[in-house]
$ cat query22.txt   # compact mmCIF, C-alpha atoms
# COMPACT_ATOMS: atom_id res chain seq x y z
CA MET A 15 18.49 -69.67 5.03
CA VAL A 16 17.77 -68.92 8.68
CA LYS A 17 20.10 -65.88 8.54
CA THR A 18 18.32 -64.55 5.45
CA LYS A 19 14.91 -64.83 7.11
CA PHE A 20 16.30 -63.11 10.20
CA LYS A 21 17.65 -60.19 8.14
CA VAL A 22 14.33 -59.79 6.33
CA SER A 23 12.43 -59.88 9.63
CA MET A 24 14.72 -57.22 11.15
CA LEU A 25 14.31 -55.00 8.06
CA LEU A 26 10.53 -55.26 8.25
CA LEU A 27 10.66 -54.48 11.97
CA VAL A 28 12.74 -51.34 11.41
CA VAL A 29 10.44 -50.12 8.62
CA GLY A 30 7.41 -50.75 10.79
CA LEU A 31 8.88 -48.84 13.69
CA VAL A 32 9.62 -45.87 11.41
CA PHE A 33 5.99 -45.67 10.32
CA ILE A 34 4.72 -46.22 13.86
CA PHE A 35 6.76 -43.47 15.45
CA PHE A 36 7.15 -41.02 12.54
CA PRO A 37 3.98 -41.28 10.44
CA ILE A 38 3.10 -37.62 10.50
CA GLY A 39 6.57 -36.46 9.55
CA ALA A 40 6.80 -39.04 6.77
CA MET A 41 3.43 -38.09 5.33
CA ALA A 42 4.17 -34.38 5.57
CA TYR A 43 7.40 -34.84 3.68
CA ARG A 44 5.96 -37.09 0.99
CA ARG A 45 2.64 -35.30 0.54
CA PRO A 46 3.04 -31.60 1.41
CA GLN A 47 -0.17 -29.59 1.59
CA TRP A 48 -0.95 -26.61 -0.63
CA ARG A 49 -1.07 -23.87 1.95
CA LEU A 50 -0.95 -20.65 -0.10
CA MET A 51 -4.22 -19.18 -1.38
CA ALA A 52 -4.79 -15.86 -3.15
CA GLY A 53 -7.58 -13.74 -4.58
CA ALA A 54 -7.75 -10.33 -6.25
CA TYR A 55 -10.41 -7.88 -7.35
CA SER A 56 -10.87 -4.25 -8.33
CA LEU A 57 -13.80 -1.86 -8.15
CA PRO A 58 -14.13 1.74 -9.32
CA ILE A 59 -14.41 4.48 -6.71
CA THR A 60 -15.04 7.15 -9.34
CA PRO A 61 -17.70 9.69 -8.36
CA MET A 62 -20.94 9.67 -10.32
CA THR A 63 -21.42 12.26 -13.05
CA THR A 64 -24.18 14.52 -14.30
CA ALA A 65 -25.71 14.18 -17.76
CA GLU A 66 -23.03 16.63 -18.91
CA GLY A 67 -20.25 14.41 -17.49
CA ILE A 68 -19.40 16.62 -14.51
CA PRO A 69 -18.34 14.59 -11.42
CA ILE A 70 -20.61 14.99 -8.41
CA HIS A 71 -20.86 13.47 -4.96
CA PRO A 72 -23.80 11.25 -3.89
CA ASP A 73 -25.50 14.31 -2.39
CA GLY A 74 -25.24 16.14 -5.73
CA SER A 75 -22.46 18.54 -4.68
CA GLN A 76 -19.47 19.41 -6.84
CA VAL A 77 -16.32 17.27 -6.71
CA TYR A 78 -13.07 19.18 -6.15
CA LEU A 79 -9.67 17.76 -7.06
CA ALA A 80 -6.99 17.41 -4.38
CA GLY A 81 -3.29 18.10 -4.36
CA PHE A 82 -2.84 21.59 -5.81
CA GLY A 83 -4.17 25.05 -5.07
CA SER A 84 -6.45 26.16 -2.26
CA PHE A 85 -10.06 25.58 -1.17
CA GLY A 86 -12.36 25.09 -4.15
CA SER A 87 -9.77 26.09 -6.74
CA ARG A 88 -10.06 22.92 -8.87
CA PRO A 89 -13.67 21.90 -9.54
CA ALA A 90 -13.60 18.63 -11.49
CA SER A 91 -14.87 19.19 -15.04
CA SER A 92 -14.96 15.57 -16.25
CA VAL A 93 -13.63 12.06 -15.71
CA HIS A 94 -10.62 11.27 -17.86
CA ASP A 95 -10.18 7.76 -16.45
CA ASP A 96 -11.73 5.81 -13.59
CA ILE A 97 -10.07 5.62 -10.19
CA TYR A 98 -10.06 2.30 -8.37
CA ALA A 99 -9.84 0.29 -5.21
CA ARG A 100 -7.61 -2.67 -6.11
CA CYS A 101 -7.27 -5.59 -3.71
CA LEU A 102 -4.97 -8.58 -3.29
CA ILE A 103 -5.53 -11.16 -0.54
CA LEU A 104 -2.94 -13.76 0.43
CA ASP A 105 -3.64 -16.58 2.86
CA TYR A 106 -1.00 -18.97 4.10
CA ASP A 107 -1.70 -21.63 6.72
CA SER A 108 -4.75 -19.71 8.08
CA THR A 109 -2.97 -16.34 8.24
CA THR A 110 -4.58 -13.82 5.88
CA ILE A 111 -3.01 -10.56 4.65
CA VAL A 112 -5.01 -7.99 2.67
CA PHE A 113 -3.45 -5.30 0.45
CA VAL A 114 -5.64 -2.50 -0.94
CA GLN A 115 -4.61 0.26 -3.34
CA LEU A 116 -6.73 3.42 -3.48
CA ASP A 117 -6.38 6.01 -6.26
CA LEU A 118 -6.76 8.82 -3.74
CA ILE A 119 -4.71 11.64 -2.20
CA GLY A 120 -4.93 9.97 1.22
CA PHE A 121 -7.08 7.92 3.58
CA MET A 122 -6.74 8.55 7.30
CA ILE A 123 -6.43 5.81 9.87
CA ASP A 124 -9.89 6.30 11.40
CA GLN A 125 -11.39 5.47 7.98
CA VAL A 126 -9.01 2.52 7.63
CA ASP A 127 -10.07 1.35 11.10
CA PHE A 128 -13.74 1.41 10.10
CA VAL A 129 -13.02 -0.77 7.05
CA ARG A 130 -10.89 -3.15 9.08
CA GLU A 131 -13.60 -3.73 11.67
CA GLU A 132 -16.21 -4.41 8.99
CA VAL A 133 -13.91 -6.81 7.15
CA GLU A 134 -13.18 -8.72 10.35
CA ASN A 135 -16.89 -8.91 11.19
CA LEU A 136 -17.94 -9.99 7.69
CA TYR A 137 -15.12 -12.29 6.65
CA GLY A 138 -13.23 -13.18 9.81
CA ILE A 139 -10.00 -11.62 8.51
CA GLU A 140 -7.89 -10.24 11.35
CA ALA A 141 -8.26 -6.46 11.27
CA ASP A 142 -4.57 -5.81 11.93
CA ASN A 143 -3.66 -7.69 8.76
CA VAL A 144 -5.46 -5.26 6.43
CA ILE A 145 -3.12 -2.81 4.67
CA ILE A 146 -4.74 0.12 2.80
CA ALA A 147 -2.43 2.49 0.94
CA CYS A 148 -3.15 5.45 -1.35
CA THR A 149 -1.38 6.19 -4.61
CA HIS A 150 -1.50 9.92 -3.73
CA THR A 151 -2.82 11.03 -7.11
CA HIS A 152 -3.10 14.82 -7.33
CA SER A 153 -6.10 14.70 -9.63
CA GLY A 154 -8.53 12.66 -7.56
CA PRO A 155 -11.37 13.72 -5.23
CA ASP A 156 -10.39 15.44 -1.99
CA THR A 157 -10.57 12.82 0.78
CA LEU A 158 -8.65 14.88 3.34
CA GLY A 159 -10.64 18.15 3.34
CA LEU A 160 -7.90 20.60 2.39
CA TRP A 161 -9.08 21.37 -1.15
CA ASN A 162 -12.87 21.11 -1.10
CA SER A 163 -15.04 24.19 -1.34
CA TRP A 164 -16.68 25.41 1.87
CA ASP A 165 -20.03 25.27 0.09
CA PRO A 166 -22.06 23.59 1.51
CA ALA A 167 -19.58 22.82 4.34
CA PRO A 168 -15.81 22.61 4.91
CA GLY A 169 -14.03 19.29 5.01
CA VAL A 170 -14.58 16.04 3.15
CA ASN A 171 -17.84 14.99 1.56
CA TRP A 172 -19.09 12.26 3.91
CA PRO A 173 -21.57 10.63 1.53
CA TYR A 174 -18.65 10.06 -0.86
CA MET A 175 -16.40 8.82 1.96
CA ASN A 176 -19.10 6.32 2.91
CA TYR A 177 -19.26 5.18 -0.71
CA ILE A 178 -15.48 4.66 -0.79
CA ARG A 179 -15.59 2.57 2.38
CA ASP A 180 -18.44 0.44 1.01
CA GLN A 181 -16.54 -0.15 -2.23
CA ILE A 182 -13.38 -1.16 -0.38
CA ILE A 183 -15.30 -3.65 1.76
CA GLU A 184 -17.05 -5.09 -1.29
CA CYS A 185 -13.75 -5.28 -3.19
CA ILE A 186 -12.12 -7.19 -0.33
CA GLY A 187 -15.14 -9.48 -0.11
CA ASN A 188 -15.00 -10.34 -3.80
CA ALA A 189 -11.27 -11.04 -3.63
CA TYR A 190 -11.87 -13.22 -0.59
CA ILE A 191 -14.53 -15.42 -2.17
CA ASN A 192 -12.40 -15.77 -5.33
CA MET A 193 -9.38 -17.17 -3.49
CA GLU A 194 -7.67 -20.18 -5.04
CA LYS A 195 -4.42 -22.13 -4.79
CA ALA A 196 -1.52 -19.88 -5.69
CA SER A 197 2.22 -19.34 -5.94
CA ILE A 198 4.28 -16.17 -5.71
CA ARG A 199 7.23 -14.80 -7.66
CA PHE A 200 9.25 -11.78 -6.52
CA ALA A 201 11.51 -9.57 -8.60
CA SER A 202 13.44 -6.33 -8.18
CA THR A 203 14.93 -3.75 -10.52
CA SER A 204 15.75 -0.05 -10.78
CA VAL A 205 14.05 2.51 -13.01
CA PRO A 206 16.10 5.74 -12.92
CA GLY A 207 15.37 8.91 -14.83
CA LEU A 208 11.60 9.06 -14.31
CA MET A 209 11.54 11.02 -11.05
CA LYS A 210 13.44 13.95 -9.61
CA ASN A 211 13.73 15.41 -6.13
CA SER A 212 12.66 19.04 -6.26
CA ARG A 213 13.70 19.61 -2.64
CA ASP A 214 17.06 17.82 -2.64
CA PRO A 215 18.24 17.34 -6.25
CA GLY A 216 19.82 13.98 -6.92
CA ARG A 217 18.33 12.13 -3.96
CA VAL A 218 15.71 9.94 -5.57
CA TYR A 219 14.39 6.45 -4.91
CA PRO A 220 14.36 4.49 -8.21
CA ASP A 221 13.91 0.96 -6.78
CA LEU A 222 11.02 -1.04 -8.21
CA GLU A 223 9.80 -4.16 -6.40
CA VAL A 224 7.38 -6.67 -7.92
CA MET A 225 5.29 -9.53 -6.54
CA LYS A 226 3.43 -11.70 -9.05
CA VAL A 227 0.78 -14.13 -7.83
CA ASP A 228 -0.25 -17.01 -10.11
CA ASP A 229 -2.85 -19.76 -9.93
CA THR A 230 -2.12 -23.46 -10.46
CA ARG A 231 -2.46 -23.07 -14.22
CA GLY A 232 0.26 -20.41 -14.26
CA GLU A 233 -2.22 -17.63 -15.00
CA THR A 234 -1.88 -14.31 -13.18
CA ILE A 235 -4.09 -13.58 -10.20
CA ALA A 236 -2.39 -10.28 -9.38
CA THR A 237 0.81 -8.30 -9.80
CA MET A 238 1.75 -5.92 -6.99
CA ILE A 239 4.26 -3.14 -7.72
CA ASN A 240 6.17 -0.82 -5.36
CA TYR A 241 7.79 2.39 -6.66
CA ALA A 242 8.23 5.91 -5.30
CA GLY A 243 6.88 8.93 -7.13
CA HIS A 244 4.14 11.54 -6.80
CA PRO A 245 1.36 10.88 -9.34
CA GLU A 246 1.34 14.50 -10.45
CA VAL A 247 2.31 14.46 -14.11
CA LEU A 248 -0.97 16.31 -14.58
CA TRP A 249 -0.47 19.72 -13.03
CA SER A 250 -2.56 22.30 -11.20
CA ASN A 251 -4.29 23.44 -14.39
CA ASN A 252 -5.79 19.99 -14.93
CA LEU A 253 -9.47 19.69 -14.00
CA GLU A 254 -10.07 16.15 -15.28
CA LEU A 255 -10.29 13.40 -12.71
CA THR A 256 -7.50 10.86 -13.27
CA SER A 257 -5.28 8.29 -11.57
CA ASP A 258 -2.31 9.86 -13.42
CA TYR A 259 0.59 7.59 -14.43
CA VAL A 260 -0.55 4.88 -11.99
CA GLY A 261 -3.62 4.09 -14.09
CA TYR A 262 -1.54 3.67 -17.23
CA LEU A 263 0.90 1.45 -15.32
CA CYS A 264 -1.83 -0.81 -13.95
CA ASP A 265 -3.72 -1.01 -17.24
CA LYS A 266 -0.64 -2.10 -19.19
CA VAL A 267 0.48 -4.64 -16.58
CA GLU A 268 -3.00 -6.15 -16.65
CA GLU A 269 -2.94 -6.19 -20.45
CA GLU A 270 0.50 -7.84 -20.56
CA LEU A 271 0.19 -10.28 -17.64
CA GLY A 272 -3.52 -10.56 -16.88
CA GLY A 273 -5.05 -10.48 -13.42
CA VAL A 274 -5.31 -7.39 -11.22
CA ALA A 275 -2.44 -4.88 -10.94
CA VAL A 276 -1.96 -3.29 -7.51
CA PHE A 277 0.36 -0.29 -7.05
CA MET A 278 1.93 0.69 -3.74
CA ASN A 279 3.77 4.01 -3.65
CA GLY A 280 7.03 4.27 -1.74
CA ALA A 281 9.20 6.89 -0.02
CA LEU A 282 7.91 9.67 -2.27
CA GLY A 283 8.46 12.67 0.00
CA GLY A 284 10.98 15.32 -0.58
CA MET A 285 9.46 15.96 -3.33
CA ILE A 286 9.88 12.88 -5.48
CA THR A 287 8.01 14.09 -8.54
CA PRO A 288 7.98 13.24 -12.28
CA ASP A 289 11.04 14.63 -14.01
CA THR A 290 9.22 16.42 -16.82
CA ASP A 291 8.01 19.80 -17.98
CA GLU A 292 5.26 18.11 -20.02
CA HIS A 293 2.20 17.94 -17.78
CA THR A 294 0.09 15.99 -20.23
CA PHE A 295 -1.78 12.71 -20.39
CA ASP A 296 0.64 11.55 -23.07
CA LYS A 297 3.52 12.00 -20.62
CA ALA A 298 1.61 10.24 -17.85
CA GLU A 299 1.05 7.33 -20.24
CA GLU A 300 4.74 7.26 -21.16
CA ILE A 301 5.85 7.08 -17.50
CA GLY A 302 3.22 4.49 -16.64
CA HIS A 303 4.18 2.29 -19.59
CA THR A 304 7.90 2.61 -18.79
CA LEU A 305 7.22 1.27 -15.29
CA ALA A 306 4.98 -1.46 -16.69
CA ASP A 307 7.68 -2.58 -19.11
CA ALA A 308 10.23 -2.64 -16.28
CA THR A 309 7.82 -4.73 -14.21
CA VAL A 310 7.43 -7.35 -16.94
CA ARG A 311 11.18 -7.46 -17.65
CA ALA A 312 12.03 -7.87 -13.96
CA LEU A 313 9.71 -10.87 -13.69
CA GLY A 314 11.43 -12.45 -16.69
CA SER A 315 14.87 -12.04 -15.15
CA ARG A 316 16.78 -15.05 -13.83
CA ARG A 317 17.24 -13.10 -10.61
CA SER A 318 13.55 -13.29 -9.77
CA TYR A 319 12.62 -15.53 -6.86
CA ALA A 320 9.74 -17.99 -6.71
CA TRP A 321 8.15 -18.67 -3.34
CA GLY A 322 7.44 -22.34 -3.98
CA ILE A 323 4.39 -24.21 -2.83
CA PHE A 324 5.71 -27.69 -2.17
CA ILE A 325 8.25 -26.67 0.47
CA PRO A 326 7.67 -27.82 4.07
CA SER A 327 5.95 -25.10 6.06
CA TRP A 328 8.84 -24.62 8.47
CA LYS A 329 10.84 -23.12 5.61
CA LYS A 330 8.32 -20.33 5.08
CA THR A 331 7.54 -17.11 6.92
CA PHE A 332 4.26 -15.25 6.58
CA ASN A 333 3.14 -12.67 9.12
CA VAL A 334 2.24 -9.06 9.92
CA GLU A 335 3.57 -7.16 12.93
CA LYS A 336 1.86 -3.86 13.80
CA GLN A 337 2.82 -1.15 16.25
CA THR A 338 0.88 2.01 17.06
CA PHE A 339 2.57 5.12 18.44
CA GLU A 340 1.67 8.64 19.52
CA VAL A 341 3.30 11.91 18.45
CA PRO A 342 2.48 15.53 19.27
CA LEU A 343 0.58 17.59 16.70
CA GLU A 344 3.07 20.42 16.19
CA ASN A 345 1.51 22.05 13.14
CA ILE A 346 -0.70 24.93 14.30
CA ASP A 347 -2.36 25.20 10.88
CA PHE A 348 -3.41 21.56 11.08
CA PHE A 349 -4.77 22.22 14.57
CA TYR A 350 -6.91 25.15 13.41
CA ALA A 351 -8.06 23.12 10.41
CA MET A 352 -9.21 20.36 12.74
CA MET A 353 -10.95 22.81 15.04
CA GLY A 354 -12.68 24.36 12.01
CA GLY A 355 -13.93 21.05 10.65
CA ILE A 356 -11.66 21.14 7.61
CA LEU A 357 -9.53 18.20 8.70
CA TYR A 358 -11.25 15.39 10.57
CA ARG A 359 -9.66 12.67 12.66
CA SER A 360 -11.68 10.83 15.29
CA TYR A 361 -10.66 9.73 18.78
CA PRO A 362 -8.38 7.93 19.70
CA TRP A 363 -6.44 8.77 16.54
CA TYR A 364 -6.57 12.44 17.57
CA LYS A 365 -6.62 13.44 21.22
CA PHE A 366 -7.58 16.95 22.25
CA PRO A 367 -4.90 19.26 23.73
CA TYR A 368 -3.77 18.38 27.22
CA GLY A 369 -0.74 19.04 29.43
CA GLU A 370 2.44 19.63 27.49
CA PHE A 371 0.72 19.13 24.11
CA PRO A 372 -1.06 22.41 23.32
CA PHE A 373 -2.33 21.18 19.92
CA GLY A 374 -3.12 17.62 20.97
CA THR A 375 -1.59 14.30 19.88
CA ILE A 376 -1.84 12.04 16.86
CA THR A 377 -1.83 8.25 17.08
CA THR A 378 -0.81 6.28 14.01
CA GLU A 379 0.83 2.97 13.11
CA VAL A 380 3.57 1.17 11.21
CA ASN A 381 3.74 -2.44 10.04
CA VAL A 382 6.41 -4.99 9.19
CA ILE A 383 5.20 -7.73 6.82
CA THR A 384 7.15 -10.85 5.94
CA ILE A 385 6.30 -13.08 2.97
CA GLY A 386 8.97 -15.66 2.32
CA LYS A 387 12.17 -13.81 1.43
CA ALA A 388 10.33 -10.49 0.99
CA GLN A 389 10.04 -7.93 3.75
CA MET A 390 7.66 -4.96 3.64
CA ILE A 391 7.18 -1.95 5.87
CA THR A 392 4.32 0.55 5.91
CA MET A 393 4.86 4.24 6.63
CA PRO A 394 1.93 6.56 7.53
CA GLY A 395 2.65 9.38 5.11
CA GLU A 396 5.07 10.82 2.56
CA VAL A 397 8.49 9.79 3.83
CA LEU A 398 11.58 11.61 2.62
CA PRO A 399 14.06 9.36 0.78
CA SER A 400 16.81 9.83 3.38
CA ILE A 401 14.67 8.01 5.95
CA GLY A 402 13.74 5.48 3.27
CA TYR A 403 17.41 4.76 2.54
CA ARG A 404 18.25 4.22 6.21
CA LEU A 405 15.27 1.94 6.73
CA LYS A 406 16.11 -0.07 3.63
CA GLU A 407 19.63 -0.67 4.92
CA ALA A 408 18.09 -2.10 8.09
CA MET A 409 15.70 -4.38 6.22
CA THR A 410 16.73 -8.02 5.95
CA GLY A 411 14.68 -9.43 3.10
CA LYS A 412 15.97 -10.44 -0.29
CA TYR A 413 13.23 -8.15 -1.61
CA ASN A 414 12.48 -5.07 0.51
CA TRP A 415 9.33 -3.01 0.05
CA GLN A 416 8.51 0.39 1.53
CA ILE A 417 4.81 1.21 1.35
CA GLY A 418 4.12 4.92 1.76
CA LEU A 419 0.76 6.34 2.89
CA GLY A 420 0.17 2.96 4.48
CA ASN A 421 -2.99 2.95 6.64
CA ASP A 422 -2.75 6.71 7.23
CA GLU A 423 -1.76 10.07 5.73
CA LEU A 424 0.15 12.43 8.03
CA GLY A 425 1.65 14.52 5.25
CA TYR A 426 5.43 14.76 4.91
CA ILE A 427 7.58 12.74 7.31
CA ILE A 428 10.88 14.59 7.55
CA PRO A 429 14.12 13.67 9.38
CA ALA A 430 15.21 16.03 12.16
CA ASP A 431 18.51 16.90 10.49
CA GLU A 432 16.67 18.09 7.38
CA TRP A 433 13.90 20.02 9.13
CA ASP A 434 13.57 23.57 7.78
CA PRO A 435 10.49 25.57 8.83
CA ASP A 436 10.78 27.72 5.71
CA GLU A 437 10.25 24.77 3.32
CA TYR A 438 6.88 23.76 1.86
CA GLU A 439 7.01 20.17 3.09
CA GLU A 440 7.25 21.28 6.73
CA SER A 441 4.03 23.26 6.34
CA MET A 442 2.32 20.01 5.32
CA SER A 443 3.75 17.87 8.12
CA VAL A 444 2.39 16.92 11.56
CA GLY A 445 5.80 17.86 12.97
CA VAL A 446 9.44 16.94 13.37
CA GLN A 447 8.75 14.36 16.08
CA THR A 448 6.82 12.19 13.63
CA GLY A 449 9.88 11.23 11.60
CA ILE A 450 12.00 10.68 14.71
CA ALA A 451 9.43 8.38 16.32
CA MET A 452 8.50 6.46 13.17
CA GLU A 453 12.08 5.73 12.18
CA ALA A 454 13.07 4.62 15.69
CA ILE A 455 10.10 2.28 16.01
CA LEU A 456 10.60 0.70 12.60
CA MET A 457 14.32 0.26 13.26
CA ASN A 458 13.49 -1.51 16.50
CA MET A 459 10.93 -3.74 14.78
CA LEU A 460 13.40 -4.62 12.02
CA GLU A 461 16.18 -5.45 14.44
CA GLY A 462 16.69 -9.17 14.58
CA THR A 463 14.35 -9.97 11.67

$ encode --input "query22.txt" --output "structure tokens"
Amino acid sequence: MVKTKFKVSMLLLVVGLVFIFFPIGAMAYRRPQWRLMAGAYSLPITPMTTAEGIPIHPDGSQVYLAGFGSFGSRPASSVHDDIYARCLILDYDSTTIVFVQLDLIGFMIDQVDFVREEVENLYGIEADNVIIACTHTHSGPDTLGLWNSWDPAPGVNWPYMNYIRDQIIECIGNAYINMEKASIRFASTSVPGLMKNSRDPGRVYPDLEVMKVDDTRGETIATMINYAGHPEVLWSNNLELTSDYVGYLCDKVEEELGGVAVFMNGALGGMITPDTDEHTFDKAEEIGHTLADATVRALGSRRSYAWGIFIPSWKKTFNVEKQTFEVPLENIDFFYAMMGGILYRSYPWYKFPYGEFPFGTITTEVNVITIGKAQMITMPGEVLPSIGYRLKEAMTGKYNWQIGLGNDELGYIIPADEWDPDEYEESMSVGVQTGIAMEAILMNMLEGT
């Protein structure tokens, strides 16, 4: 009897000591906290229209479409479908990452920087963790300055640019206040046959990556999609404002899954363009719906990966790493366009000519984002697939995303061994050093991840 009481006393002592010395660990294991939050929202950035349906800027001037032709050659005649700012915010353990899709040809880093600063001031979200990427539609308003008419002035329409920035900030704000407990599912597939490479036939980039974010009821908050391809099914003769195949993709994903669909273009340089001779809205719808169907199927595959909620925090990774870098502006046409007010890029993102750089220097950035087993990189322009392939081989995630036109638009980013001054893409590139520097920096950032 005495031995039994002694054993019971020793057992109670051991249990007590465990709870005295390891209470936090025990509680954390038995009652894990719900650390992942998410919110999504979308707002139109479509220009206003006249009574006749003609798109105009806030100052009443004509809207010109970007992507084809020369100055003032494509005055917008009507709005076929709205263009959007689409936002997804993820917050894990007090780290917040913001993704924004813009249905625009491009959005330079000085404009991104303005939005970032406002978002940090208004919502306390770290500016460096805001990622803004353009779909690169070739039938949206000119936000770079290369296609607008010179009447009343060359360059972008600043009242419209201000409107875009305000809409982005409001979109992020609405997503932020709508944040709720969430979980994430990743999936990956390949969708060949939709795009071709008109510069280097056969070298395409058919990978499709998907991230689906659900609330606690299993309902969709957002679906983010990554695929490489110029949204230029509609050709140079089109004068209707449209998001091209991207709009059809997002609309169908939202119809099928609910929530907000966010599209991030990939390594689309080279030129990765729709493989079709039918430059019609019907064809744009077909391509968009094909990608939407592939998105839904991928998420239903057994190979998809859920980033679970009730896993101790030390098993999760969630962060953004940013690095800025400087390259020489080698394109003399870009230099003259900047001097003439056609292209605009504020200091310190453009520095006036000095020393060995007769046309000045460009500062830009890249990012490496980690979310669980997914790894994402941003690239500040239209990267040729050969660079994309090499970077993907260096990436270490189970799901690897390459976000083109991420936080900047420097035109085509071309590897040195493919540089040919007689090709079109080189005429729309900052210079050969851009690809060399960007690839080296991203490789270094990816090393050891």

$ residues_near_point --input "query22.txt" --point "(0.0, -1.1, -11.2)" --cutoff "9 Å" --atoms "all atoms listed in the file" --output "list of chain:residue names"
A:Thr237, A:Met238, A:Ile239, A:Asn240, A:Val260, A:Gly261, A:Tyr262, A:Leu263, A:Cys264, A:Asp265, A:Lys266, A:Val267, A:Glu268, A:Val274, A:Ala275, A:Val276, A:Phe277, A:Met278, A:Gly302, A:Leu305, A:Ala306

$ atom_distance --input "query22.txt" --atom1 "CA of Ala281 (chain A)" --atom2 "CA of Phe85 (chain A)"
26.9 Å

$ closest_residue --input "query22.txt" --among "A:Pro429, A:Pro367, A:Pro362, A:Gly284" --to "Pro342 (chain A)" --atoms "all atoms listed in the file"
A:Pro367

$ closest_residue --input "query22.txt" --among "A:Ile103, A:Val247, A:Ala451, A:Val397" --to "Thr287 (chain A)" --atoms "only C-alpha atoms"
A:Val247

$ residues_around --input "query22.txt" --residues "Gly402 (chain A)" --least-positions-apart "4" --cutoff "9 Å" --atoms "all atoms listed in the file" --output "list in words"
Tyr219, Gly280, Ala281, Val397, Leu398, Lys406, Glu407 and Gln416 of chain A

$ residues_near_point --input "query22.txt" --point "(-5.5, 24.5, 11.0)" --cutoff "12 Å" --atoms "all atoms listed in the file" --output "mmCIF file with C-alpha atoms, in the frame of the given file"
data_model
loop_
_atom_site.group_PDB
_atom_site.id
_atom_site.type_symbol
_atom_site.label_atom_id
_atom_site.label_comp_id
_atom_site.auth_asym_id
_atom_site.auth_seq_id
_atom_site.Cartn_x
_atom_site.Cartn_y
_atom_site.Cartn_z
ATOM 1 C CA GLY A 159 -10.640 18.150 3.340
ATOM 2 C CA LEU A 160 -7.900 20.600 2.390
ATOM 3 C CA GLY A 169 -14.030 19.290 5.010
ATOM 4 C CA LEU A 343 0.580 17.590 16.700
ATOM 5 C CA GLU A 344 3.070 20.420 16.190
ATOM 6 C CA ASN A 345 1.510 22.050 13.140
ATOM 7 C CA ILE A 346 -0.700 24.930 14.300
ATOM 8 C CA ASP A 347 -2.360 25.200 10.880
ATOM 9 C CA PHE A 348 -3.410 21.560 11.080
ATOM 10 C CA PHE A 349 -4.770 22.220 14.570
ATOM 11 C CA TYR A 350 -6.910 25.150 13.410
ATOM 12 C CA ALA A 351 -8.060 23.120 10.410
ATOM 13 C CA MET A 352 -9.210 20.360 12.740
ATOM 14 C CA MET A 353 -10.950 22.810 15.040
ATOM 15 C CA GLY A 354 -12.680 24.360 12.010
ATOM 16 C CA GLY A 355 -13.930 21.050 10.650
ATOM 17 C CA ILE A 356 -11.660 21.140 7.610
ATOM 18 C CA LEU A 357 -9.530 18.200 8.700
ATOM 19 C CA TYR A 358 -11.250 15.390 10.570
ATOM 20 C CA PHE A 373 -2.330 21.180 19.920
ATOM 21 C CA SER A 441 4.030 23.260 6.340
ATOM 22 C CA MET A 442 2.320 20.010 5.320
ATOM 23 C CA SER A 443 3.750 17.870 8.120
ATOM 24 C CA VAL A 444 2.390 16.920 11.560
#

$ closest_residue --input "query22.txt" --among "A:Asp291, A:Asp214, A:Ala54, A:Glu131" --to "Lys226 (chain A)" --atoms "all atoms listed in the file"
A:Ala54

$ closest_residue --input "query22.txt" --among "A:Pro245, A:Pro89, A:Gly374, A:Gly449" --to "Pro394 (chain A)" --atoms "all atoms listed in the file"
A:Gly449

$ axis_aligned_box --input "query22.txt" --around "region 302-316 of chain A" --padding-each-side "6 Å" --output "lines of an AutoDock Vina configuration file"
center_x = 10.0
center_y = -5.3
center_z = -16.6
size_x = 25.6
size_y = 31.5
size_z = 17.9

$ residues_around --input "query22.txt" --residues "region 204-211 of chain A" --least-positions-apart "4" --cutoff "9 Å" --atoms "all atoms listed in the file" --output "PDB file with C-alpha atoms, in the coordinates of the input"
ATOM      1  CA  PRO A 215      18.240  17.340  -6.250  1.00  0.00           C
ATOM      2  CA  GLY A 216      19.820  13.980  -6.920  1.00  0.00           C
ATOM      3  CA  ARG A 217      18.330  12.130  -3.960  1.00  0.00           C
ATOM      4  CA  VAL A 218      15.710   9.940  -5.570  1.00  0.00           C
ATOM      5  CA  TYR A 219      14.390   6.450  -4.910  1.00  0.00           C
ATOM      6  CA  PRO A 220      14.360   4.490  -8.210  1.00  0.00           C
ATOM      7  CA  ASP A 221      13.910   0.960  -6.780  1.00  0.00           C
ATOM      8  CA  LEU A 222      11.020  -1.040  -8.210  1.00  0.00           C
ATOM      9  CA  GLU A 223       9.800  -4.160  -6.400  1.00  0.00           C
ATOM     10  CA  TYR A 241       7.790   2.390  -6.660  1.00  0.00           C
ATOM     11  CA  ALA A 242       8.230   5.910  -5.300  1.00  0.00           C
ATOM     12  CA  GLY A 243       6.880   8.930  -7.130  1.00  0.00           C
ATOM     13  CA  HIS A 244       4.140  11.540  -6.800  1.00  0.00           C
ATOM     14  CA  GLY A 283       8.460  12.670   0.000  1.00  0.00           C
ATOM     15  CA  GLY A 284      10.980  15.320  -0.580  1.00  0.00           C
ATOM     16  CA  MET A 285       9.460  15.960  -3.330  1.00  0.00           C
ATOM     17  CA  ILE A 286       9.880  12.880  -5.480  1.00  0.00           C
ATOM     18  CA  THR A 287       8.010  14.090  -8.540  1.00  0.00           C
ATOM     19  CA  PRO A 288       7.980  13.240 -12.280  1.00  0.00           C
ATOM     20  CA  ASP A 289      11.040  14.630 -14.010  1.00  0.00           C
ATOM     21  CA  THR A 290       9.220  16.420 -16.820  1.00  0.00           C
ATOM     22  CA  ILE A 301       5.850   7.080 -17.500  1.00  0.00           C
ATOM     23  CA  THR A 304       7.900   2.610 -18.790  1.00  0.00           C
ATOM     24  CA  LEU A 305       7.220   1.270 -15.290  1.00  0.00           C
ATOM     25  CA  ALA A 308      10.230  -2.640 -16.280  1.00  0.00           C
TER      26      ALA A 308
END
